[in-house]
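Undergrad: Structure below; questions to follow.
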Protein chains: 2
Amino acid sequence: MGPQSASALRKTNQIFEEEVVIRGNFNALESVYTENARILPPGAAMIEGRPAIKEFWQGAAASLNVTSIQLETVDVEFLGDTAVEIGRAMINTQSGSMAVKYVVVWKQEDGAWKWHIDIWNPS
Amino acid sequence: MGPQSASALRKTNQIFEEEVVIRGNFNALESVYTENARILPPGAAMIEGRPAIKEFWQGAAASLNVTSIQLETVDVEFLGDTAVEIGRAMINTQSGSMAVKYVVVWKQEDGAWKWHIDIWNPS
């Protein structure tokens with residue numbers, strides 16, 4: 001089991017912010033989401049599994065012209081190999097910014113903390 | 001610690017559906033949410049603590065003319081005195097129905113399972 005600290009989560013969030021969103025490397029989502037992760041995006045059905053989640057983010061980043069996303073942990077509780085995070089995010093696009101809040105249930109997979117359940121909505 | 005089964009959660013969800021939403025008894029939210037619960041409603045800031053949550057639901061039920069809400073557990077994982085539920089809800093109002101999906105982090109409080117973190121968005 002890896003370190004139980006907010007900094008372990010920060011590392012994963014940074015991969016999402018920098019590698020996925022800024023560099024557009026959607027394969028890096030393998031280091032962000034667990035294999036069986038589920039996301040619950042606003043205005044859409046739940047999406048299950050990493051391949052479908054990759055497709056979702058690729059489509060969303062393109063259609064919204066996302067330029068960057070900043071994630072900020074508001075609160076986190078560790079429960080063994082699970083963690084529950086409440087956070088807020090700023091999604092910056094070519095046409096403006098959207099404030100979002102989220103809950104992520106984290107799991108350890110291959111020694112790294114990853115997003116296992118991910119739900120968000122506009123603030 | 002109470003029973004770790006979906007039926008223990010069902011009991012609490014039923015209080016919300018019947019006592020709170022149908023009968024309009026918002027004090028019954030004390031049996032639904034933990035004292036320090038947080039809700040993350042779409043289009044609003046996070047709301048913390050039972051008194052503020054009561055106010056939120058009272059206002060939402062009135063302004064949307066909610067007639068009933070059905071909650072359905074899609075998946076639940078128990079982690080000691082915490083549980084993580086993914087679910088879907090149908091919110092019925094006098095002007096139509098809205099499908100919603102949610103994640104609730106449950107905690108045991110006073111021997112009962114209650115909603116501790118509650119976030120949802122439209123499907």
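We label chains A, B, ... in the order they appear in the structure tokens, count residues from 1 in each chain, and number ligands from 1 in the order shown.
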Show me which bits of chain A are within 6 Å of chain B, counting only C-alpha atoms, as a list in words.

TA: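 The answer, sorted by residue number, is Pro42, Gly43, Ala44, Ala45, Asn121, Pro122 and Ser123 of chain A.
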
Undergrad: For Lys11 (chain A), find every residue with an atom within 10 Å (counting only C-alpha atoms), except residues of its own chain fewer than 5 positions away, and show them as an MDAnalysis selection string.

TA: chainID A and resid 6 16:17 32 112:114

Undergrad: Would you put the residues from that selection into a file with N, CA and C atoms, as a PDB file, in the first residue's frame?

TA:
```pdb
ATOM      1  N   ALA A   6      -2.296  13.351   0.989  1.00  0.00           N
ATOM      2  CA  ALA A   6      -2.861  14.151  -0.092  1.00  0.00           C
ATOM      3  C   ALA A   6      -1.858  14.292  -1.234  1.00  0.00           C
ATOM      4  N   PHE A  16      -3.350  14.192 -14.738  1.00  0.00           N
ATOM      5  CA  PHE A  16      -4.561  14.572 -15.481  1.00  0.00           C
ATOM      6  C   PHE A  16      -4.439  15.999 -16.013  1.00  0.00           C
ATOM      7  N   GLU A  17      -4.025  16.908 -15.133  1.00  0.00           N
ATOM      8  CA  GLU A  17      -3.954  18.327 -15.520  1.00  0.00           C
ATOM      9  C   GLU A  17      -2.944  18.556 -16.639  1.00  0.00           C
ATOM     10  N   VAL A  32      -4.467   7.510 -14.424  1.00  0.00           N
ATOM     11  CA  VAL A  32      -5.406   8.357 -13.671  1.00  0.00           C
ATOM     12  C   VAL A  32      -6.597   7.535 -13.176  1.00  0.00           C
ATOM     13  N   ALA A 112      -0.388   2.642  -7.253  1.00  0.00           N
ATOM     14  CA  ALA A 112      -0.683   4.077  -7.429  1.00  0.00           C
ATOM     15  C   ALA A 112      -2.133   4.353  -7.068  1.00  0.00           C
ATOM     16  N   TRP A 113      -2.387   5.537  -6.555  1.00  0.00           N
ATOM     17  CA  TRP A 113      -3.756   5.964  -6.280  1.00  0.00           C
ATOM     18  C   TRP A 113      -4.405   6.448  -7.575  1.00  0.00           C
ATOM     19  N   LYS A 114      -5.604   5.905  -7.853  1.00  0.00           N
ATOM     20  CA  LYS A 114      -6.303   6.274  -9.088  1.00  0.00           C
ATOM     21  C   LYS A 114      -7.771   6.560  -8.814  1.00  0.00           C
TER      22      LYS A 114
END
```

Undergrad: Name the residues in contact with Ile22 (chain B) at a cut-off of 12 Å, using only C-alpha atoms, excluding same-chain residues fewer than 6 positions from it; report them as a PyMOL selection string.

TA: chain B and resi 14-16+28+61-62+65-70+91-93

Undergrad: Find the distance between CA of Ser31 (chain B) and CA of Val74 (chain B) and write it in Å to one decimal.

TA: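 Computing it gives 21.8 Å between the two atoms.
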
Undergrad: Please provide as an NGL selection string all residues within 12 Å of Gln58 (chain B), with the sequence filter that same-chain residues fewer than 2 positions apart are discarded (counting only C-alpha atoms).

TA: :B and (20-21 or 23-29 or 51-56 or 60-66)

Undergrad: Using DSSP on the backbone, list every residue of chain B that comes out as strand (DSSP E), and give them as a ChimeraX atom specification.

TA: /B:33-40,47-48,66-79,82-93,96-109,112-122
